[in-house]
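Below: data-v1.cif (mmCIF, C-alpha atoms and all ligand atoms)
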data_entry
loop_
_atom_site.group_PDB
_atom_site.id
_atom_site.type_symbol
_atom_site.label_atom_id
_atom_site.label_comp_id
_atom_site.auth_asym_id
_atom_site.auth_seq_id
_atom_site.Cartn_x
_atom_site.Cartn_y
_atom_site.Cartn_z
ATOM 1 C CA GLY A 1 0.000 0.000 0.000
ATOM 2 C CA ASP A 2 0.849 3.651 -0.265
ATOM 3 C CA VAL A 3 3.119 5.530 2.082
ATOM 4 C CA VAL A 4 1.987 9.116 2.624
ATOM 5 C CA ALA A 5 4.047 11.709 4.480
ATOM 6 C CA LEU A 6 2.376 14.608 6.284
ATOM 7 C CA VAL A 7 4.544 17.658 6.877
ATOM 8 C CA PRO A 8 2.952 19.955 9.487
ATOM 9 C CA ALA A 9 4.392 23.405 8.817
ATOM 10 C CA ALA A 10 1.561 25.607 10.035
ATOM 11 C CA GLY A 11 3.161 26.725 13.278
ATOM 12 C CA LYS A 12 4.425 30.245 13.798
ATOM 13 C CA GLY A 13 7.902 29.207 14.905
ATOM 14 C CA LEU A 14 8.290 32.299 17.092
ATOM 15 C CA ARG A 15 11.297 30.890 18.958
ATOM 16 C CA LEU A 16 13.403 31.248 15.805
ATOM 17 C CA GLY A 17 12.854 35.009 15.916
ATOM 18 C CA TYR A 18 11.864 35.617 12.271
ATOM 19 C CA ASP A 19 8.727 37.387 10.984
ATOM 20 C CA GLU A 20 7.836 34.555 8.625
ATOM 21 C CA PRO A 21 6.800 31.092 9.840
ATOM 22 C CA LYS A 22 9.747 28.820 10.503
ATOM 23 C CA ALA A 23 9.159 26.439 7.592
ATOM 24 C CA PHE A 24 9.668 29.334 5.150
ATOM 25 C CA VAL A 25 12.986 30.434 6.619
ATOM 26 C CA CYS A 26 15.952 29.766 4.352
ATOM 27 C CA LEU A 27 18.778 27.443 5.172
ATOM 28 C CA GLY A 28 21.386 28.131 2.495
ATOM 29 C CA THR A 29 19.578 28.293 -0.858
ATOM 30 C CA ASP A 30 16.381 26.454 0.159
ATOM 31 C CA SER A 31 13.701 26.827 2.831
ATOM 32 C CA LEU A 32 13.339 24.367 5.679
ATOM 33 C CA LEU A 33 10.100 23.227 4.010
ATOM 34 C CA THR A 34 11.768 22.557 0.650
ATOM 35 C CA ARG A 35 14.617 20.664 2.295
ATOM 36 C CA SER A 36 12.286 18.520 4.410
ATOM 37 C CA VAL A 37 10.161 17.587 1.386
ATOM 38 C CA ASP A 38 13.303 16.820 -0.647
ATOM 39 C CA GLY A 39 14.535 14.551 2.142
ATOM 40 C CA LEU A 40 11.273 12.599 2.197
ATOM 41 C CA ARG A 41 11.452 12.120 -1.565
ATOM 42 C CA ALA A 42 15.130 11.136 -1.449
ATOM 43 C CA SER A 43 14.295 8.326 0.993
ATOM 44 C CA GLY A 44 12.672 6.430 -1.877
ATOM 45 C CA ALA A 45 10.181 5.129 0.698
ATOM 46 C CA VAL A 46 7.445 7.769 0.367
ATOM 47 C CA ASP A 47 4.791 7.739 -2.389
ATOM 48 C CA ARG A 48 2.922 10.953 -1.640
ATOM 49 C CA ILE A 49 3.586 14.119 0.366
ATOM 50 C CA VAL A 50 1.016 16.434 1.983
ATOM 51 C CA VAL A 51 2.287 19.744 3.353
ATOM 52 C CA ILE A 52 0.192 21.651 5.905
ATOM 53 C CA VAL A 53 0.752 25.423 6.099
ATOM 54 C CA PRO A 54 -1.023 28.526 7.446
ATOM 55 C CA ALA A 55 -4.092 29.312 5.274
ATOM 56 C CA GLU A 56 -2.673 32.685 4.204
ATOM 57 C CA LEU A 57 0.484 30.997 2.902
ATOM 58 C CA LEU A 58 -1.064 28.319 0.651
ATOM 59 C CA ASP A 59 0.129 30.043 -2.535
ATOM 60 C CA ALA A 60 3.551 30.857 -1.127
ATOM 61 C CA ALA A 61 3.995 27.233 -0.043
ATOM 62 C CA ARG A 62 3.298 25.958 -3.559
ATOM 63 C CA GLY A 63 6.385 27.899 -4.636
ATOM 64 C CA HIS A 64 8.493 25.917 -2.176
ATOM 65 C CA VAL A 65 7.546 22.409 -3.337
ATOM 66 C CA SER A 66 7.070 20.642 -6.661
ATOM 67 C CA ASP A 67 3.617 20.193 -8.250
ATOM 68 C CA ASP A 68 3.156 16.593 -7.090
ATOM 69 C CA VAL A 69 3.056 17.727 -3.454
ATOM 70 C CA THR A 70 -0.410 18.404 -1.975
ATOM 71 C CA VAL A 71 -0.627 21.654 -0.004
ATOM 72 C CA VAL A 72 -3.457 22.179 2.507
ATOM 73 C CA ALA A 73 -4.286 24.753 5.189
ATOM 74 C CA GLY A 74 -3.557 23.918 8.820
ATOM 75 C CA GLY A 75 -5.247 25.043 12.018
ATOM 76 C CA LEU A 76 -4.712 26.731 15.352
ATOM 77 C CA GLU A 77 -3.209 23.733 17.148
ATOM 78 C CA ARG A 78 -0.820 21.161 15.776
ATOM 79 C CA THR A 79 -3.513 18.490 16.112
ATOM 80 C CA ASP A 80 -5.823 20.603 13.895
ATOM 81 C CA SER A 81 -3.062 20.791 11.281
ATOM 82 C CA VAL A 82 -2.416 17.028 11.302
ATOM 83 C CA ARG A 83 -6.176 16.404 11.075
ATOM 84 C CA ALA A 84 -6.346 18.637 7.990
ATOM 85 C CA GLY A 85 -3.489 16.649 6.492
ATOM 86 C CA LEU A 86 -5.120 13.300 7.288
ATOM 87 C CA ALA A 87 -8.305 14.494 5.552
ATOM 88 C CA ALA A 88 -6.276 15.005 2.369
ATOM 89 C CA VAL A 89 -4.556 11.611 2.533
ATOM 90 C CA GLY A 90 -7.252 9.299 1.199
ATOM 91 C CA ASP A 91 -6.215 5.652 0.960
ATOM 92 C CA ALA A 92 -2.857 4.850 2.560
ATOM 93 C CA ALA A 93 -1.241 1.936 4.364
ATOM 94 C CA VAL A 94 1.421 3.935 6.185
ATOM 95 C CA VAL A 95 1.344 7.561 7.305
ATOM 96 C CA LEU A 96 4.485 9.434 8.338
ATOM 97 C CA VAL A 97 4.320 12.703 10.228
ATOM 98 C CA HIS A 98 7.481 14.739 9.805
ATOM 99 C CA ASP A 99 8.276 18.209 11.175
ATOM 100 C CA ALA A 100 9.316 20.693 8.500
ATOM 101 C CA ALA A 101 11.757 22.023 11.096
ATOM 102 C CA ARG A 102 13.819 18.795 10.924
ATOM 103 C CA ALA A 103 15.211 19.857 7.574
ATOM 104 C CA LEU A 104 18.474 17.892 7.740
ATOM 105 C CA THR A 105 16.922 14.512 8.576
ATOM 106 C CA PRO A 106 18.880 11.808 6.708
ATOM 107 C CA PRO A 107 16.748 10.037 4.054
ATOM 108 C CA THR A 108 18.077 6.720 5.433
ATOM 109 C CA LEU A 109 16.357 7.419 8.775
ATOM 110 C CA ILE A 110 13.068 8.081 6.942
ATOM 111 C CA ALA A 111 13.416 4.777 5.076
ATOM 112 C CA ARG A 112 14.132 2.901 8.336
ATOM 113 C CA VAL A 113 10.947 4.244 9.959
ATOM 114 C CA VAL A 114 8.874 3.154 6.948
ATOM 115 C CA ALA A 115 10.490 -0.294 6.908
ATOM 116 C CA GLU A 116 9.609 -0.874 10.595
ATOM 117 C CA VAL A 117 5.938 0.020 10.019
ATOM 118 C CA ARG A 118 5.831 -2.186 6.919
ATOM 119 C CA ALA A 119 7.300 -4.991 9.056
ATOM 120 C CA GLY A 120 4.198 -4.813 11.256
ATOM 121 C CA ARG A 121 4.727 -2.156 13.926
ATOM 122 C CA SER A 122 1.672 0.055 14.584
ATOM 123 C CA ALA A 123 3.770 3.081 15.484
ATOM 124 C CA VAL A 124 7.494 3.789 15.151
ATOM 125 C CA ILE A 125 9.434 6.789 16.466
ATOM 126 C CA PRO A 126 13.143 7.663 16.168
ATOM 127 C CA VAL A 127 14.659 8.516 19.555
ATOM 128 C CA LEU A 128 18.002 9.461 21.093
ATOM 129 C CA PRO A 129 19.259 9.141 24.670
ATOM 130 C CA VAL A 130 18.838 12.266 26.788
ATOM 131 C CA VAL A 131 22.221 13.882 27.482
ATOM 132 C CA ASP A 132 21.151 16.309 30.221
ATOM 133 C CA THR A 133 19.528 15.318 33.483
ATOM 134 C CA ILE A 134 15.828 16.256 33.285
ATOM 135 C CA LYS A 135 14.036 17.819 36.260
ATOM 136 C CA GLU A 136 10.324 18.153 36.774
ATOM 137 C CA VAL A 137 9.522 21.541 38.342
ATOM 138 C CA ASP A 138 6.436 23.319 39.703
ATOM 139 C CA ILE A 139 5.259 26.758 38.526
ATOM 140 C CA MET A 140 7.534 28.427 41.117
ATOM 141 C CA GLY A 141 10.574 26.668 39.688
ATOM 142 C CA ALA A 142 11.036 24.299 42.604
ATOM 143 C CA VAL A 143 12.122 20.797 41.663
ATOM 144 C CA VAL A 144 9.451 18.185 42.313
ATOM 145 C CA GLY A 145 11.105 15.177 40.730
ATOM 146 C CA THR A 146 14.084 13.714 38.931
ATOM 147 C CA PRO A 147 13.163 10.915 36.520
ATOM 148 C CA ASP A 148 15.896 8.346 35.958
ATOM 149 C CA ARG A 149 17.743 9.590 32.875
ATOM 150 C CA ALA A 150 18.547 6.074 31.706
ATOM 151 C CA SER A 151 14.883 5.465 30.889
ATOM 152 C CA LEU A 152 14.300 8.792 29.094
ATOM 153 C CA ARG A 153 14.513 9.389 25.347
ATOM 154 C CA SER A 154 14.348 12.505 23.204
ATOM 155 C CA VAL A 155 11.871 12.056 20.331
ATOM 156 C CA GLN A 156 12.434 12.988 16.671
ATOM 157 C CA THR A 157 10.477 12.679 13.449
ATOM 158 C CA PRO A 158 9.443 11.194 11.060
ATOM 159 C CA GLN A 159 7.040 9.260 13.240
ATOM 160 C CA GLY A 160 5.538 6.357 11.286
ATOM 161 C CA PHE A 161 2.120 4.787 11.746
ATOM 162 C CA ASP A 162 -0.178 2.171 10.414
ATOM 163 C CA ALA A 163 -2.707 4.524 8.779
ATOM 164 C CA HIS A 164 -5.719 2.973 10.561
ATOM 165 C CA VAL A 165 -4.038 3.291 13.946
ATOM 166 C CA LEU A 166 -3.191 6.977 13.451
ATOM 167 C CA ARG A 167 -6.746 7.746 12.306
ATOM 168 C CA ARG A 168 -8.178 5.952 15.354
ATOM 169 C CA ALA A 169 -5.807 7.884 17.620
ATOM 170 C CA TYR A 170 -6.926 11.210 16.160
ATOM 171 C CA ASP A 171 -10.615 10.220 16.289
ATOM 172 C CA ALA A 172 -10.173 9.509 20.005
ATOM 173 C CA ALA A 173 -8.120 12.640 20.783
ATOM 174 C CA THR A 174 -10.081 15.254 22.710
ATOM 175 C CA ASP A 175 -7.405 17.823 23.559
ATOM 176 C CA SER A 176 -4.442 19.194 21.645
ATOM 177 C CA SER A 177 -1.070 17.455 21.651
ATOM 178 C CA THR A 178 2.335 18.131 20.141
ATOM 179 C CA ASP A 179 3.109 14.428 19.878
ATOM 180 C CA ASP A 180 1.322 12.071 17.489
ATOM 181 C CA ALA A 181 2.784 8.962 19.116
ATOM 182 C CA GLY A 182 1.378 10.152 22.441
ATOM 183 C CA LEU A 183 -2.126 10.007 20.973
ATOM 184 C CA VAL A 184 -1.443 6.456 19.773
ATOM 185 C CA GLU A 185 -0.268 5.467 23.275
ATOM 186 C CA ARG A 186 -3.561 6.739 24.689
ATOM 187 C CA ILE A 187 -5.582 4.270 22.573
ATOM 188 C CA GLY A 188 -3.497 1.435 23.977
ATOM 189 C CA GLU A 189 -1.270 0.712 20.982
ATOM 190 C CA THR A 190 2.426 0.011 21.525
ATOM 191 C CA VAL A 191 4.807 2.637 20.174
ATOM 192 C CA HIS A 192 8.118 1.141 19.062
ATOM 193 C CA THR A 193 11.367 3.149 19.203
ATOM 194 C CA ILE A 194 14.309 2.981 16.815
ATOM 195 C CA VAL A 195 17.655 4.759 17.096
ATOM 196 C CA GLY A 196 17.361 8.266 15.688
ATOM 197 C CA ASP A 197 20.034 10.494 14.176
ATOM 198 C CA ALA A 198 21.668 13.684 15.472
ATOM 199 C CA LEU A 199 21.031 15.279 12.054
ATOM 200 C CA ALA A 200 17.272 14.925 12.589
ATOM 201 C CA PHE A 201 17.362 17.673 15.246
ATOM 202 C CA LYS A 202 14.556 20.248 15.236
ATOM 203 C CA ILE A 203 15.625 23.694 14.096
ATOM 204 C CA THR A 204 13.909 25.760 16.779
ATOM 205 C CA THR A 205 16.198 28.548 17.995
ATOM 206 C CA PRO A 206 18.673 30.914 16.246
ATOM 207 C CA HIS A 207 21.400 28.675 17.682
ATOM 208 C CA ASP A 208 19.884 25.669 15.878
ATOM 209 C CA LEU A 209 19.805 27.584 12.586
ATOM 210 C CA LEU A 210 23.500 28.483 12.937
ATOM 211 C CA LEU A 211 24.281 24.833 13.629
ATOM 212 C CA ALA A 212 22.278 23.756 10.584
ATOM 213 C CA GLN A 213 24.127 26.272 8.391
ATOM 214 C CA ALA A 214 27.445 24.928 9.642
ATOM 215 C CA LEU A 215 26.355 21.370 8.829
ATOM 216 C CA LEU A 216 25.325 22.150 5.230
HETATM 217 O O1 LIG B 1 5.952 23.937 17.989
HETATM 218 P P1 LIG B 1 6.632 22.708 17.479
HETATM 219 O O2 LIG B 1 8.060 22.951 17.104
HETATM 220 O O3 LIG B 1 6.472 21.501 18.378
HETATM 221 O O4 LIG B 1 5.858 22.324 16.123
HETATM 222 C C1 LIG B 1 6.163 21.146 15.454
HETATM 223 C C2 LIG B 1 5.660 21.213 14.034
HETATM 224 O O5 LIG B 1 4.228 21.335 14.022
HETATM 225 C C3 LIG B 1 6.222 22.406 13.271
HETATM 226 O O6 LIG B 1 6.707 21.958 12.019
HETATM 227 C C4 LIG B 1 5.029 23.337 13.150
HETATM 228 O O7 LIG B 1 5.042 24.112 11.965
HETATM 229 C C5 LIG B 1 3.845 22.378 13.151
HETATM 230 N N1 LIG B 1 2.590 23.027 13.604
HETATM 231 C C6 LIG B 1 1.471 23.039 12.755
HETATM 232 N N2 LIG B 1 0.306 23.671 13.136
HETATM 233 C C7 LIG B 1 0.229 24.290 14.333
HETATM 234 C C8 LIG B 1 1.341 24.273 15.210
HETATM 235 C C9 LIG B 1 2.510 23.627 14.824
HETATM 236 O O8 LIG B 1 1.536 22.490 11.648
HETATM 237 N N3 LIG B 1 -0.920 24.909 14.651
#

Give the structure from this file in structure tokens form.
Amino acid sequence: GDVVALVPAAGKGLRLGYDEPKAFVCLGTDSLLTRSVDGLRASGAVDRIVVIVPAELLDAARGHVSDDVTVVAGGLERTDSVRAGLAAVGDAAVVLVHDAARALTPPTLIARVVAEVRAGRSAVIPVLPVVDTIKEVDIMGAVVGTPDRASLRSVQTPQGFDAHVLRRAYDAATDSSTDDAGLVERIGETVHTIVGDALAFKITTPHDLLLAQALL
């Protein structure tokens, strides 16, 4: 069956400090959006790509991707944007959800995620060990807990799903979430982890953009 990749790029990306949404910011000669879509295509594992952007940027977005890419308008919350993308997917066996901000993700990582879902996993996410100790704090900044670092992982994209499982997860979701796999966990499906890649980091801050430029 078909593998469809959703690229949610409808966030404002304020932490990067630009006027335009993050996906439209240039890294070298191409935008983060263009590079992310190119990476998905280069994996050889993706049949169709659906990009989700702010409604006022539909036309602009079409200038960033080739004609075979579907461009749809997103919503207020990330979950609204993914829902809009899912509505445009139609028939698919596997759905990937991949942040436009992870513009340097190696195509080999994308292919590995797809292969794991094809092998029968309901949900597959690339993860890396956490390097810093993580503290849980209250609103006053006082530490309330220290989870054991050895059991923590930092989560990347693309996240890969059996298409039926992801649709069920979104049908059941009542509040907003920034993590698709989290919604799948809530319907009782097992989420499988694979080893991610440092190059799949999310370009979020000006520091990240500098790092990405250095890596080009
Ligand atoms: O805010 P965060 O970095 O977690 O957003 C992850 C991805 O979700 C980004 O690529 C962003 O553009 C997208 N997003 C979206 N629609 C929203 C909010 C975020 O497509 N309403």

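Closest approach to Pro129 of chain A among A:His207, A:Arg153, A:Arg78, A:Arg168 is made by A:Arg153 (distances from only C-alpha atoms).
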
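Straight-line separation from atom CA of Pro106 of chain A to atom CA of Glu185 of chain A: 26.1 Å.
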
Could you please extract the residues within 7 Å of ligand LIG 1 (chain B), counting all atoms listed in the file, and hand them back as a PyMOL selection string? chain A and resi 8-13+22-23+52-53+74-78+80-82+99-101+178+204

Might you spell out which residues the PyMOL selection byres (((chain A and resi 93-98) around 8) and not hetatm) would select in the displayed file, as a PDB file with C-alpha atoms, keeping the file's coordinate frame?
ATOM      1  CA  GLY A   1       0.000   0.000   0.000  1.00  0.00           C
ATOM      2  CA  ASP A   2       0.849   3.651  -0.265  1.00  0.00           C
ATOM      3  CA  VAL A   3       3.119   5.530   2.082  1.00  0.00           C
ATOM      4  CA  VAL A   4       1.987   9.116   2.624  1.00  0.00           C
ATOM      5  CA  ALA A   5       4.047  11.709   4.480  1.00  0.00           C
ATOM      6  CA  LEU A   6       2.376  14.608   6.284  1.00  0.00           C
ATOM      7  CA  VAL A   7       4.544  17.658   6.877  1.00  0.00           C
ATOM      8  CA  PRO A   8       2.952  19.955   9.487  1.00  0.00           C
ATOM      9  CA  ASP A  91      -6.215   5.652   0.960  1.00  0.00           C
ATOM     10  CA  ALA A  92      -2.857   4.850   2.560  1.00  0.00           C
ATOM     11  CA  ASP A  99       8.276  18.209  11.175  1.00  0.00           C
ATOM     12  CA  ALA A 100       9.316  20.693   8.500  1.00  0.00           C
ATOM     13  CA  ARG A 102      13.819  18.795  10.924  1.00  0.00           C
ATOM     14  CA  VAL A 114       8.874   3.154   6.948  1.00  0.00           C
ATOM     15  CA  VAL A 117       5.938   0.020  10.019  1.00  0.00           C
ATOM     16  CA  ARG A 118       5.831  -2.186   6.919  1.00  0.00           C
ATOM     17  CA  THR A 157      10.477  12.679  13.449  1.00  0.00           C
ATOM     18  CA  PRO A 158       9.443  11.194  11.060  1.00  0.00           C
ATOM     19  CA  GLN A 159       7.040   9.260  13.240  1.00  0.00           C
ATOM     20  CA  GLY A 160       5.538   6.357  11.286  1.00  0.00           C
ATOM     21  CA  PHE A 161       2.120   4.787  11.746  1.00  0.00           C
ATOM     22  CA  ASP A 162      -0.178   2.171  10.414  1.00  0.00           C
ATOM     23  CA  ALA A 163      -2.707   4.524   8.779  1.00  0.00           C
ATOM     24  CA  HIS A 164      -5.719   2.973  10.561  1.00  0.00           C
ATOM     25  CA  LEU A 166      -3.191   6.977  13.451  1.00  0.00           C
ATOM     26  CA  ASP A 180       1.322  12.071  17.489  1.00  0.00           C
TER      27      ASP A 180
END

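Closest approach to Gly44 of chain A among A:Thr70, A:Thr79, A:Gln156, A:Thr108: A:Thr108, based on all atoms listed in the file.
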
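Rounded to one decimal, atom CA of Ala111 of chain A and atom CA of Arg62 of chain A lie 25.0 Å from each other.
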
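Nearest to Ile110 of chain A of all the residues A:Asp138, A:Asp38, A:Asp30, A:Asp19 is A:Asp38, counting all atoms listed in the file.
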
With all atoms listed in the file as the atoms that count, which of A:Thr174, A:Pro21, A:Val127, A:Ser31 lies nearest to Ala55 of chain A? A:Pro21

Compile the contact shell of Ala103 of chain A as a ChimeraX atom specification: residues with an atom at most 6 Å away, counting all atoms listed in the file, same-chain residues fewer than 2 positions apart removed. /A:32,35-36,101,105

Sorted by chain and rising residue number, which residues of segment 27-129 of chain A lie within 6 Å of segment 189-195 of chain A, and what are their closest atom pairs and distances in Å to one decimal, counting only C-alpha atoms, as a tab-separated table?
residue	atom	partner	partner_atom	distance
A:Ala123	CA	A:Val191	CA	4.8
A:Val124	CA	A:His192	CA	4.8
A:Ile125	CA	A:Thr193	CA	4.9
A:Pro126	CA	A:Ile194	CA	4.9
A:Val127	CA	A:Val195	CA	5.4

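Going from atom CA of Leu16 of chain A to atom CA of Pro206 of chain A covers 5.3 Å.
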
Chain and number of each residue from the PyMOL selection byres (((chain A and resi 60) around 12) and not hetatm), as JSON, numbers by chain: {"A": [20, 21, 23, 24, 31, 33, 34, 53, 54, 55, 56, 57, 58, 59, 61, 62, 63, 64, 65, 71, 72, 73]}

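With all atoms listed in the file as the atoms that count, the residue of A:Val113, A:Gly196, A:Val51, A:Gly28 with the shortest distance to Ala214 of chain A is A:Gly28.
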
Counting only C-alpha atoms, which of A:Ala45, A:Leu104, A:Val184, A:Arg15 gets nearest to Gln213 of chain A? A:Leu104

Counting all atoms listed in the file, what is within 12 Å of Asp132 of chain A, bar same-chain residues fewer than 4 positions away, as a ChimeraX atom specification? /A:128,146-150,152-154
